[in-house]
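Heads up, structure_22.pdb below (PDB, C-alpha atoms):
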ATOM      1  CA  MET A  20       0.000   0.000   0.000
ATOM      2  CA  SER A  21       2.806   2.393   0.930
ATOM      3  CA  ILE A  22       4.647   1.591  -2.335
ATOM      4  CA  LYS A  23       1.540   2.355  -4.391
ATOM      5  CA  TYR A  24       1.080   5.610  -2.508
ATOM      6  CA  ALA A  25       4.706   6.579  -3.125
ATOM      7  CA  ILE A  26       4.380   5.898  -6.863
ATOM      8  CA  PHE A  27       1.188   7.936  -6.991
ATOM      9  CA  ALA A  28       2.828  10.842  -5.140
ATOM     10  CA  ILE A  29       5.795  10.837  -7.527
ATOM     11  CA  ALA A  30       3.476  10.865 -10.534
ATOM     12  CA  VAL A  31       1.490  13.809  -9.133
ATOM     13  CA  ALA A  32       4.691  15.729  -8.383
ATOM     14  CA  ALA A  33       5.997  15.161 -11.911
ATOM     15  CA  PHE A  34       2.727  16.398 -13.378
ATOM     16  CA  VAL A  35       2.808  19.570 -11.250
ATOM     17  CA  ILE A  36       6.395  20.335 -12.293
ATOM     18  CA  VAL A  37       5.628  19.904 -16.007
ATOM     19  CA  ALA A  38       2.466  21.993 -15.717
ATOM     20  CA  TYR A  39       4.351  24.739 -13.880
ATOM     21  CA  PHE A  40       6.990  25.120 -16.547
ATOM     22  CA  TYR A  41       4.511  24.830 -19.421
ATOM     23  CA  TYR A  42       1.994  27.379 -18.170
ATOM     24  CA  GLY A  43       4.652  29.603 -16.662
ATOM     25  CA  GLU A  44       6.273  29.845 -20.079
ATOM     26  CA  LYS A  45       2.968  30.622 -21.769
ATOM     27  CA  LYS A  46       2.513  33.771 -19.680
ATOM     28  CA  ASP A  47       5.197  35.433 -21.772
ATOM     29  CA  GLY A  48       3.402  35.418 -25.108
ATOM     30  CA  ASN A  49       6.333  36.322 -27.321
ATOM     31  CA  VAL A  50       8.846  33.949 -25.719
ATOM     32  CA  ALA A  51       6.492  30.978 -25.869
ATOM     33  CA  ASN A  52       5.503  31.914 -29.381
ATOM     34  CA  GLU A  53       9.096  31.969 -30.604
ATOM     35  CA  GLU A  54       9.759  28.474 -29.250
ATOM     36  CA  ARG A  55       6.666  26.787 -30.608
ATOM     37  CA  HIS A  56       6.835  28.175 -34.135
ATOM     38  CA  GLU A  57       9.568  25.964 -35.497
ATOM     39  CA  ASP A  58      11.214  26.060 -38.881
ATOM     40  CA  GLU A  59       9.615  22.787 -39.951
ATOM     41  CA  VAL A  60       6.396  24.710 -40.723
ATOM     42  CA  ALA A  61       8.316  27.042 -43.047
ATOM     43  CA  GLU A  62       9.798  26.420 -46.471
ATOM     44  CA  SER A  63      13.496  25.604 -46.731
ATOM     45  CA  TYR A  64      14.302  29.122 -47.957
ATOM     46  CA  GLU A  65      12.357  30.751 -45.092
ATOM     47  CA  ILE A  66      13.082  31.759 -41.530
ATOM     48  CA  HIS A  67      10.426  32.385 -38.895
ATOM     49  CA  PRO A  68      10.201  35.911 -37.379
ATOM     50  CA  GLY A  69      10.847  34.487 -33.906
ATOM     51  CA  ASN A  70      14.180  33.063 -35.051
ATOM     52  CA  VAL A  71      15.143  36.450 -36.518
ATOM     53  CA  VAL A  72      14.309  38.050 -33.161
ATOM     54  CA  ASP A  73      16.681  35.585 -31.474
ATOM     55  CA  LYS A  74      19.479  36.553 -33.858
ATOM     56  CA  ILE A  75      18.924  40.254 -33.191
ATOM     57  CA  LYS A  76      18.795  39.717 -29.410
ATOM     58  CA  ASN A  77      22.011  37.689 -29.545
ATOM     59  CA  GLU A  78      23.651  40.438 -31.632
ATOM     60  CA  GLU A  79      24.525  38.017 -34.410
ATOM     61  CA  ASP A  80      26.165  39.422 -37.534
ATOM     62  CA  VAL A  81      23.113  39.490 -39.805
ATOM     63  CA  ILE A  82      22.045  41.932 -42.487
ATOM     64  CA  LEU A  83      18.347  42.798 -42.705
ATOM     65  CA  LEU A  84      17.211  43.624 -46.234
ATOM     66  CA  ASP A  85      13.801  45.223 -46.856
ATOM     67  CA  VAL A  86      12.652  44.744 -50.468
ATOM     68  CA  ARG A  87       9.380  46.705 -50.221
ATOM     69  CA  THR A  88       8.697  50.268 -51.408
ATOM     70  CA  PRO A  89      10.016  53.384 -49.639
ATOM     71  CA  GLU A  90       6.434  54.183 -48.597
ATOM     72  CA  GLU A  91       6.025  50.796 -46.915
ATOM     73  CA  TYR A  92       9.419  51.152 -45.258
ATOM     74  CA  GLU A  93       8.494  54.553 -43.849
ATOM     75  CA  GLU A  94       5.289  53.173 -42.341
ATOM     76  CA  ILE A  95       7.105  50.440 -40.389
ATOM     77  CA  HIS A  96      10.330  48.464 -40.812
ATOM     78  CA  LEU A  97      12.860  46.403 -38.875
ATOM     79  CA  LYS A  98      15.491  48.443 -37.089
ATOM     80  CA  ASN A  99      18.712  48.976 -39.033
ATOM     81  CA  ALA A 100      17.294  47.326 -42.163
ATOM     82  CA  LEU A 101      18.653  48.252 -45.576
ATOM     83  CA  LEU A 102      16.105  49.198 -48.254
ATOM     84  CA  LEU A 103      16.313  47.906 -51.813
ATOM     85  CA  PRO A 104      12.932  47.487 -53.582
ATOM     86  CA  VAL A 105      12.714  44.163 -55.386
ATOM     87  CA  GLN A 106      11.963  45.976 -58.679
ATOM     88  CA  GLU A 107      15.468  47.445 -58.553
ATOM     89  CA  LEU A 108      17.296  44.321 -57.427
ATOM     90  CA  SER A 109      20.384  43.552 -59.529
ATOM     91  CA  ALA A 110      24.083  42.875 -59.087
ATOM     92  CA  GLN A 111      24.763  46.596 -59.549
ATOM     93  CA  SER A 112      22.089  47.839 -57.122
ATOM     94  CA  LEU A 113      23.231  45.333 -54.499
ATOM     95  CA  ALA A 114      26.795  46.559 -54.879
ATOM     96  CA  ASP A 115      25.616  50.191 -54.657
ATOM     97  CA  SER A 116      23.831  49.316 -51.400
ATOM     98  CA  GLY A 117      26.979  47.811 -49.877
ATOM     99  CA  LEU A 118      26.001  44.222 -50.594
ATOM    100  CA  GLY A 119      28.455  43.435 -53.350
ATOM    101  CA  GLU A 120      30.956  40.601 -53.681
ATOM    102  CA  ASP A 121      32.189  40.939 -50.091
ATOM    103  CA  ALA A 122      28.671  40.262 -48.758
ATOM    104  CA  LYS A 123      27.944  37.092 -50.721
ATOM    105  CA  ASP A 124      28.857  34.813 -47.811
ATOM    106  CA  ARG A 125      27.346  36.973 -45.062
ATOM    107  CA  GLU A 126      24.012  36.083 -43.488
ATOM    108  CA  ILE A 127      21.314  38.180 -45.139
ATOM    109  CA  ILE A 128      17.678  38.043 -44.053
ATOM    110  CA  ILE A 129      15.229  39.371 -46.625
ATOM    111  CA  TYR A 130      11.706  40.510 -45.869
ATOM    112  CA  CYS A 131       8.724  42.187 -47.529
ATOM    113  CA  ARG A 132       5.048  42.566 -46.613
ATOM    114  CA  SER A 133       3.842  38.978 -47.086
ATOM    115  CA  GLY A 134       6.861  36.894 -48.119
ATOM    116  CA  ALA A 135       6.078  36.921 -51.863
ATOM    117  CA  ARG A 136       8.470  39.680 -52.922
ATOM    118  CA  SER A 137      11.167  38.452 -50.561
ATOM    119  CA  LYS A 138      10.939  35.023 -52.231
ATOM    120  CA  THR A 139      11.504  36.735 -55.596
ATOM    121  CA  ALA A 140      14.457  38.617 -54.114
ATOM    122  CA  TYR A 141      15.766  35.365 -52.638
ATOM    123  CA  ASP A 142      15.683  33.690 -56.075
ATOM    124  CA  ILE A 143      17.471  36.624 -57.714
ATOM    125  CA  MET A 144      20.173  36.821 -55.066
ATOM    126  CA  LYS A 145      20.635  33.050 -55.070
ATOM    127  CA  SER A 146      21.251  33.183 -58.818
ATOM    128  CA  LEU A 147      23.831  35.918 -58.224
ATOM    129  CA  GLY A 148      25.807  33.707 -55.823
ATOM    130  CA  TYR A 149      24.567  34.809 -52.396
ATOM    131  CA  ALA A 150      24.968  31.666 -50.305
ATOM    132  CA  ASN A 151      23.638  32.491 -46.828
ATOM    133  CA  ILE A 152      20.225  34.099 -47.323
ATOM    134  CA  LYS A 153      16.732  33.530 -45.935
ATOM    135  CA  SER A 154      13.280  35.003 -46.547
ATOM    136  CA  VAL A 155      11.141  35.927 -43.521
ATOM    137  CA  SER A 156       8.066  33.686 -43.386
ATOM    138  CA  GLY A 157       4.900  35.783 -43.610
ATOM    139  CA  GLY A 158       6.839  39.032 -43.907
ATOM    140  CA  MET A 159       6.048  42.149 -41.905
ATOM    141  CA  ILE A 160       2.407  41.103 -41.647
ATOM    142  CA  HIS A 161       3.354  37.997 -39.628
ATOM    143  CA  TRP A 162       5.882  40.038 -37.631
ATOM    144  CA  GLU A 163       3.217  42.548 -36.615
ATOM    145  CA  GLU A 164       0.500  39.933 -36.054
ATOM    146  CA  ASP A 165       2.593  38.254 -33.371
ATOM    147  CA  GLN A 166       3.826  41.604 -32.017
ATOM    148  CA  TYR A 167       7.523  40.908 -32.329
ATOM    149  CA  PRO A 168       9.904  43.717 -31.288
ATOM    150  CA  PHE A 169      12.705  45.592 -33.102
ATOM    151  CA  THR A 170      10.484  47.677 -35.390
ATOM    152  CA  GLU A 171      10.478  51.410 -36.016
ATOM    153  CA  THR A 172       8.975  54.004 -38.346
ATOM    154  CA  GLY A 173      10.498  56.717 -40.517
ATOM    155  CA  ALA A 174      11.869  57.300 -43.980
ATOM    156  CA  TYR A 175      14.931  55.474 -45.225
ATOM    157  CA  THR A 176      18.082  57.568 -44.890
ATOM    158  CA  GLY A 177      20.553  55.281 -46.676
ATOM    159  CA  SER A 178      21.394  55.212 -50.378
ATOM    160  CA  ARG A 179      19.095  53.431 -52.811
ATOM    161  CA  MET A 180      18.144  53.376 -56.469
ATOM    162  CA  ILE A 181      15.315  55.575 -57.782
ATOM    163  CA  MET A 182      11.945  53.864 -58.126
ATOM    164  CA  LYS A 183      10.976  53.533 -61.771
ATOM    165  CA  ASP A 184       7.609  53.998 -63.501
ATOM    166  CA  LYS A 185       6.168  55.843 -60.532
ATOM    167  CA  GLY A 186       3.885  57.943 -62.714
ATOM    168  CA  ALA A 187       2.709  55.161 -65.012
ATOM    169  CA  VAL A 188      -0.923  55.432 -66.113
ATOM    170  CA  ILE A 189      -3.025  52.316 -65.605
ATOM    171  CA  SER A 190      -5.747  51.554 -68.145
ATOM    172  CA  GLU A 191      -9.341  51.337 -66.933
ATOM    173  CA  ASN A 192      -9.709  48.099 -68.897
ATOM    174  CA  GLY A 193      -8.380  44.754 -67.772
ATOM    175  CA  PRO A 194      -9.061  42.370 -64.867
ATOM    176  CA  ARG A 195     -10.320  43.774 -61.552
ATOM    177  CA  ILE A 196     -10.547  41.848 -58.298
ATOM    178  CA  SER A 197     -13.335  42.575 -55.826
ATOM    179  CA  LEU A 198     -13.948  40.700 -52.563
ATOM    180  CA  ASP A 199     -17.339  40.418 -50.882
ATOM    181  CA  ARG A 200     -15.447  41.348 -47.682
ATOM    182  CA  SER A 201     -11.870  41.388 -46.507
ATOM    183  CA  PHE A 202     -12.297  40.657 -42.787
ATOM    184  CA  HIS A 203     -13.919  37.949 -40.683
ATOM    185  CA  ASP A 204     -13.962  37.551 -36.901
ATOM    186  CA  PHE A 205     -14.268  33.918 -35.790
ATOM    187  CA  GLY A 206     -14.673  35.058 -32.195
ATOM    188  CA  VAL A 207     -13.724  32.666 -29.384
ATOM    189  CA  ILE A 208     -13.073  29.106 -30.574
ATOM    190  CA  MET A 209     -12.003  25.906 -28.837
ATOM    191  CA  GLN A 210      -8.392  24.781 -29.166
ATOM    192  CA  TYR A 211      -9.406  21.133 -29.601
ATOM    193  CA  GLY A 212     -12.628  21.690 -31.524
ATOM    194  CA  GLY A 213     -11.096  20.984 -34.926
ATOM    195  CA  THR A 214     -10.527  23.304 -37.869
ATOM    196  CA  ILE A 215     -12.878  26.179 -38.644
ATOM    197  CA  GLN A 216     -13.480  27.818 -41.994
ATOM    198  CA  GLU A 217     -15.139  30.736 -43.721
ATOM    199  CA  THR A 218     -15.926  31.265 -47.407
ATOM    200  CA  PHE A 219     -15.325  34.538 -49.243
ATOM    201  CA  VAL A 220     -16.425  35.482 -52.764
ATOM    202  CA  VAL A 221     -13.792  36.674 -55.239
ATOM    203  CA  ASN A 222     -15.361  38.682 -58.064
ATOM    204  CA  ASN A 223     -13.930  39.855 -61.372
ATOM    205  CA  THR A 224     -15.515  43.218 -62.124
ATOM    206  CA  GLY A 225     -13.097  43.955 -64.969
ATOM    207  CA  THR A 226     -13.184  43.444 -68.719
ATOM    208  CA  GLU A 227     -10.562  40.690 -68.977
ATOM    209  CA  THR A 228      -9.908  37.346 -67.284
ATOM    210  CA  LEU A 229      -8.687  37.628 -63.701
ATOM    211  CA  THR A 230      -5.848  35.243 -62.836
ATOM    212  CA  ILE A 231      -5.173  34.263 -59.241
ATOM    213  CA  GLY A 232      -1.609  33.258 -58.376
ATOM    214  CA  ASP A 233      -0.352  31.038 -55.566
ATOM    215  CA  ILE A 234      -2.249  32.123 -52.471
ATOM    216  CA  THR A 235      -0.157  32.309 -49.299
ATOM    217  CA  THR A 236      -0.879  33.070 -45.652
ATOM    218  CA  SER A 237       1.004  34.824 -42.879
ATOM    219  CA  CYS A 238       1.185  31.606 -40.828
ATOM    220  CA  SER A 239       0.977  27.879 -41.550
ATOM    221  CA  CYS A 240      -1.975  27.508 -39.175
ATOM    222  CA  THR A 241      -4.066  29.137 -41.903
ATOM    223  CA  SER A 242      -4.687  27.556 -45.324
ATOM    224  CA  THR A 243      -6.960  28.194 -48.296
ATOM    225  CA  ILE A 244      -8.914  26.500 -51.084
ATOM    226  CA  ILE A 245     -10.149  28.459 -54.104
ATOM    227  CA  SER A 246     -12.701  27.083 -56.554
ATOM    228  CA  ALA A 247     -11.048  28.649 -59.627
ATOM    229  CA  THR A 248      -7.811  30.478 -60.362
ATOM    230  CA  SER A 249      -8.996  31.860 -63.694
ATOM    231  CA  ILE A 250     -12.118  34.017 -63.386
ATOM    232  CA  ASP A 251     -13.841  35.406 -66.483
ATOM    233  CA  SER A 252     -15.188  38.940 -66.653
ATOM    234  CA  GLY A 253     -18.345  39.265 -64.557
ATOM    235  CA  LYS A 254     -17.814  35.873 -62.885
ATOM    236  CA  SER A 255     -16.732  34.876 -59.379
ATOM    237  CA  ALA A 256     -14.989  32.137 -57.403
ATOM    238  CA  GLU A 257     -15.255  30.948 -53.825
ATOM    239  CA  LEU A 258     -12.247  31.196 -51.532
ATOM    240  CA  THR A 259     -12.398  29.106 -48.366
ATOM    241  CA  VAL A 260     -10.086  30.136 -45.532
ATOM    242  CA  ILE A 261      -9.319  27.366 -43.036
ATOM    243  CA  PHE A 262      -7.842  27.911 -39.581
ATOM    244  CA  ASN A 263      -6.455  25.137 -37.379
ATOM    245  CA  PRO A 264      -6.473  26.239 -33.698
ATOM    246  CA  ASN A 265      -4.349  23.261 -32.653
ATOM    247  CA  PHE A 266      -1.752  23.376 -35.457
ATOM    248  CA  HIS A 267       0.675  24.904 -32.987
ATOM    249  CA  ALA A 268       0.261  27.067 -29.888
ATOM    250  CA  GLU A 269      -0.693  30.635 -30.764
ATOM    251  CA  PRO A 270      -0.397  34.075 -29.133
ATOM    252  CA  LEU A 271      -2.638  34.611 -26.137
ATOM    253  CA  ASP A 272      -5.829  36.660 -26.469
ATOM    254  CA  VAL A 273      -7.135  38.000 -29.793
ATOM    255  CA  PHE A 274      -4.845  37.812 -32.832
ATOM    256  CA  LYS A 275      -5.054  38.044 -36.613
ATOM    257  CA  ARG A 276      -3.861  36.039 -39.605
ATOM    258  CA  THR A 277      -3.661  37.352 -43.166
ATOM    259  CA  VAL A 278      -4.320  35.703 -46.541
ATOM    260  CA  PHE A 279      -2.407  37.085 -49.540
ATOM    261  CA  ILE A 280      -4.045  36.756 -52.969
ATOM    262  CA  PRO A 281      -1.719  37.610 -55.891
ATOM    263  CA  THR A 282      -3.550  38.693 -59.051
ATOM    264  CA  ASN A 283      -2.995  40.097 -62.530
ATOM    265  CA  ASP A 284      -5.136  43.128 -61.615
ATOM    266  CA  PRO A 285      -2.772  46.050 -62.296
ATOM    267  CA  THR A 286      -4.456  48.137 -59.593
ATOM    268  CA  VAL A 287      -4.431  45.416 -56.900
ATOM    269  CA  PRO A 288      -1.498  43.067 -57.528
ATOM    270  CA  GLU A 289      -2.010  41.461 -54.119
ATOM    271  CA  ALA A 290      -5.386  41.454 -52.368
ATOM    272  CA  GLU A 291      -5.666  40.574 -48.683
ATOM    273  CA  ILE A 292      -8.164  38.934 -46.352
ATOM    274  CA  VAL A 293      -7.748  39.119 -42.580
ATOM    275  CA  ILE A 294      -9.249  36.699 -40.073
ATOM    276  CA  GLN A 295      -9.410  37.302 -36.339
ATOM    277  CA  VAL A 296      -9.365  34.562 -33.699
ATOM    278  CA  ASP A 297      -9.403  34.158 -29.931
ATOM    279  CA  ILE A 298      -8.545  30.598 -28.843
ATOM    280  CA  ALA A 299      -9.898  29.158 -25.618
ATOM    281  CA  GLU A 300      -6.680  27.393 -24.615
ATOM    282  CA  GLY A 301      -7.064  23.875 -23.270
ATOM    283  CA  GLU A 302     -10.717  23.529 -24.311
TER     284      GLU A 302
END

Entire entry expressed as structure tokens:
Amino acid sequence: MSIKYAIFAIAVAAFVIVAYFYYGEKKDGNVANEERHEDEVAESYEIHPGNVVDKIKNEEDVILLDVRTPEEYEEIHLKNALLLPVQELSAQSLADSGLGEDAKDREIIIYCRSGARSKTAYDIMKSLGYANIKSVSGGMIHWEEDQYPFTETGAYTGSRMIMKDKGAVISENGPRISLDRSFHDFGVIMQYGGTIQETFVVNNTGTETLTIGDITTSCSCTSTIISATSIDSGKSAELTVIFNPNFHAEPLDVFKRTVFIPTNDPTVPEAEIVIQVDIAEGE
């Protein structure tokens, strides 16, 4: 009887210790979030924002490269990031920005708004011989959604190339994307209740066929299914957004995830849908 009691007491003590460390860690949203978002949910060329935060905190020798527009940079950017819009990316512009031959073996972390432009920049730089580069998964949207630090506002003060075709006139004809809505609040959902989903309508209000590219999301917990990627003038398609509350642990309280929809609409090259969620942890 005493042996059974001792075994039971040890088991209870072990459970309390594990629970203490687990829930104690969860109180610090950002720290817990960095540890549970692992690189296996990102592509091989990507790095999760939490891992970039670790590198910055540890004062590692990394170069942050922003490939968005100057306007986007001014609104918010990572501290000490260089600016080189992806439209201007070339061997010469990299050299002019201080990222020439001597930087080809240095660790360079590229980011944009959603991860799409940084993937393009990654491919270009890889072809130019840059060997130690990564693209931030989910871009600045994911960074802001999870409230990671090391951001600031203000215009870029370094040297950069001049943006081209700034005053280009866009024809009124062509494909035009229109969403029935761009935001949905799922409210409070159970962590173990299974996936949830919401359907949005993607309309083509233009005069030519609307083409939808590879849809991405700011986090792997969110996925999509679209009924058609080629939408004729006056027609529509259904886009289903799926969220998995138990894919990995998420930030505490209310948070958002963003869906990025690349298109051939010259006025909206990338449409966005935002979902909002509050997970009842442990339920």

*Output the residue selection produced by the PyMOL selection byres ((chain A and resi 93) around 7) on the file above, formatted as a ChimeraX atom specification.*
/A:89-92,94-95,172-175

_So that I can see what lies close to range 110-113 of chain A, please list as number ranges by chain the residues with an atom at most 12 Å from it, counting all atoms listed in the file and leaving out residues fewer than 6 positions away in the same chain._
A: 84, 86, 101-104, 119-123, 127, 140, 143-149, 178-182

*asked:* Could you list, as a PyMOL selection string, every residue matched by the PyMOL selection byres ((chain A and resi 161) around 12) in this structure?
replied: chain A and resi 56+66-69+130-134+155-160+162-167+235-241+270+274-279+293

*Distance CA of Val72 in chain A-CA of Asp124 in chain A, one decimal place?*
20.9 Å

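You will find CA of Phe262 in chain A at 6.6 Å from CA of Ser242 in chain A.
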
*Excluding same-chain residues fewer than 3 positions from range 197-202 of chain A, what lies within 12 Å of it counting all atoms listed in the file, as number ranges by chain?*
A: 194, 205, 217-225, 229, 250, 252-258, 260, 275-280, 282, 284, 286-296

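Note that the spacing between CA of Glu171 in chain A and CA of Leu83 in chain A amounts to 13.4 Å.
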
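Proximity to Glu302 in chain A was assessed for A:Ser246, A:Asn192, A:Asn265, A:Asn77 counting all atoms listed in the file; the smallest distance is recorded for A:Asn265.
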
*Find, counting all atoms listed in the file, the residue in A:Glu126, A:Asp142, A:Asp204, A:Asp80 that gets nearest to Leu108 in chain A.*
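Result for the nearest residue to Leu108 in chain A: A:Asp142.
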
*Any chance you could resolve the PyMOL selection byres ((chain A and resi 153) around 8) against this file and give the residues as number ranges by chain?*
A: 64-66, 127-129, 141, 151-152, 154-155

Output range 241-269 of chain A as an mmCIF file, in the frame of the given file, making sure N, CA and C atoms are there.
data_model
loop_
_atom_site.group_PDB
_atom_site.id
_atom_site.type_symbol
_atom_site.label_atom_id
_atom_site.label_comp_id
_atom_site.auth_asym_id
_atom_site.auth_seq_id
_atom_site.Cartn_x
_atom_site.Cartn_y
_atom_site.Cartn_z
ATOM 1 N N THR A 241 -2.980 28.688 -41.031
ATOM 2 C CA THR A 241 -4.066 29.137 -41.903
ATOM 3 C C THR A 241 -3.803 28.633 -43.321
ATOM 4 N N SER A 242 -4.817 28.061 -43.956
ATOM 5 C CA SER A 242 -4.687 27.556 -45.324
ATOM 6 C C SER A 242 -5.920 27.969 -46.123
ATOM 7 N N THR A 243 -5.858 27.750 -47.434
ATOM 8 C CA THR A 243 -6.960 28.194 -48.296
ATOM 9 C C THR A 243 -7.265 27.175 -49.387
ATOM 10 N N ILE A 244 -8.499 27.253 -49.900
ATOM 11 C CA ILE A 244 -8.914 26.500 -51.084
ATOM 12 C C ILE A 244 -9.730 27.464 -51.947
ATOM 13 N N ILE A 245 -9.384 27.594 -53.217
ATOM 14 C CA ILE A 245 -10.149 28.459 -54.104
ATOM 15 C C ILE A 245 -10.753 27.604 -55.216
ATOM 16 N N SER A 246 -11.981 27.912 -55.585
ATOM 17 C CA SER A 246 -12.701 27.083 -56.554
ATOM 18 C C SER A 246 -12.206 27.268 -57.979
ATOM 19 N N ALA A 247 -11.578 28.406 -58.277
ATOM 20 C CA ALA A 247 -11.048 28.649 -59.627
ATOM 21 C C ALA A 247 -9.945 29.691 -59.548
ATOM 22 N N THR A 248 -8.909 29.503 -60.334
ATOM 23 C CA THR A 248 -7.811 30.478 -60.362
ATOM 24 C C THR A 248 -7.847 31.336 -61.615
ATOM 25 N N SER A 249 -8.779 31.054 -62.495
ATOM 26 C CA SER A 249 -8.996 31.860 -63.694
ATOM 27 C C SER A 249 -10.472 32.251 -63.714
ATOM 28 N N ILE A 250 -10.745 33.536 -63.543
ATOM 29 C CA ILE A 250 -12.118 34.017 -63.386
ATOM 30 C C ILE A 250 -12.458 34.955 -64.536
ATOM 31 N N ASP A 251 -13.432 34.589 -65.341
ATOM 32 C CA ASP A 251 -13.841 35.406 -66.483
ATOM 33 C C ASP A 251 -14.494 36.702 -66.028
ATOM 34 N N SER A 252 -14.554 37.655 -66.937
ATOM 35 C CA SER A 252 -15.188 38.940 -66.653
ATOM 36 C C SER A 252 -16.628 38.733 -66.188
ATOM 37 N N GLY A 253 -16.990 39.366 -65.081
ATOM 38 C CA GLY A 253 -18.345 39.265 -64.557
ATOM 39 C C GLY A 253 -18.610 38.011 -63.743
ATOM 40 N N LYS A 254 -17.638 37.131 -63.623
ATOM 41 C CA LYS A 254 -17.814 35.873 -62.885
ATOM 42 C C LYS A 254 -17.157 35.965 -61.507
ATOM 43 N N SER A 255 -17.301 34.888 -60.723
ATOM 44 C CA SER A 255 -16.732 34.876 -59.379
ATOM 45 C C SER A 255 -16.236 33.483 -59.017
ATOM 46 N N ALA A 256 -15.482 33.404 -57.946
ATOM 47 C CA ALA A 256 -14.989 32.137 -57.403
ATOM 48 C C ALA A 256 -15.119 32.190 -55.895
ATOM 49 N N GLU A 257 -15.172 31.019 -55.278
ATOM 50 C CA GLU A 257 -15.255 30.948 -53.825
ATOM 51 C C GLU A 257 -13.884 30.637 -53.228
ATOM 52 N N LEU A 258 -13.517 31.403 -52.238
ATOM 53 C CA LEU A 258 -12.247 31.196 -51.532
ATOM 54 C C LEU A 258 -12.555 30.802 -50.095
ATOM 55 N N THR A 259 -12.169 29.594 -49.720
ATOM 56 C CA THR A 259 -12.398 29.106 -48.366
ATOM 57 C C THR A 259 -11.107 29.251 -47.555
ATOM 58 N N VAL A 260 -11.220 29.941 -46.437
ATOM 59 C CA VAL A 260 -10.086 30.136 -45.532
ATOM 60 C C VAL A 260 -10.271 29.203 -44.338
ATOM 61 N N ILE A 261 -9.253 28.390 -44.077
ATOM 62 C CA ILE A 261 -9.319 27.366 -43.036
ATOM 63 C C ILE A 261 -8.295 27.680 -41.950
ATOM 64 N N PHE A 262 -8.749 27.658 -40.709
ATOM 65 C CA PHE A 262 -7.842 27.911 -39.581
ATOM 66 C C PHE A 262 -7.834 26.710 -38.645
ATOM 67 N N ASN A 263 -6.627 26.274 -38.286
ATOM 68 C CA ASN A 263 -6.455 25.137 -37.379
ATOM 69 C C ASN A 263 -5.971 25.649 -36.020
ATOM 70 N N PRO A 264 -6.851 25.677 -35.006
ATOM 71 C CA PRO A 264 -6.473 26.239 -33.698
ATOM 72 C C PRO A 264 -5.477 25.386 -32.928
ATOM 73 N N ASN A 265 -5.273 24.145 -33.355
ATOM 74 C CA ASN A 265 -4.349 23.261 -32.653
ATOM 75 C C ASN A 265 -3.163 22.869 -33.526
ATOM 76 N N PHE A 266 -2.892 23.653 -34.580
ATOM 77 C CA PHE A 266 -1.752 23.376 -35.457
ATOM 78 C C PHE A 266 -0.449 23.560 -34.688
ATOM 79 N N HIS A 267 -0.378 24.663 -33.966
ATOM 80 C CA HIS A 267 0.675 24.904 -32.987
ATOM 81 C C HIS A 267 0.113 25.929 -32.006
ATOM 82 N N ALA A 268 0.748 26.096 -30.859
ATOM 83 C CA ALA A 268 0.261 27.067 -29.888
ATOM 84 C C ALA A 268 0.368 28.461 -30.488
ATOM 85 N N GLU A 269 -0.602 29.306 -30.168
ATOM 86 C CA GLU A 269 -0.693 30.635 -30.764
ATOM 87 C C GLU A 269 -0.538 31.714 -29.692
#
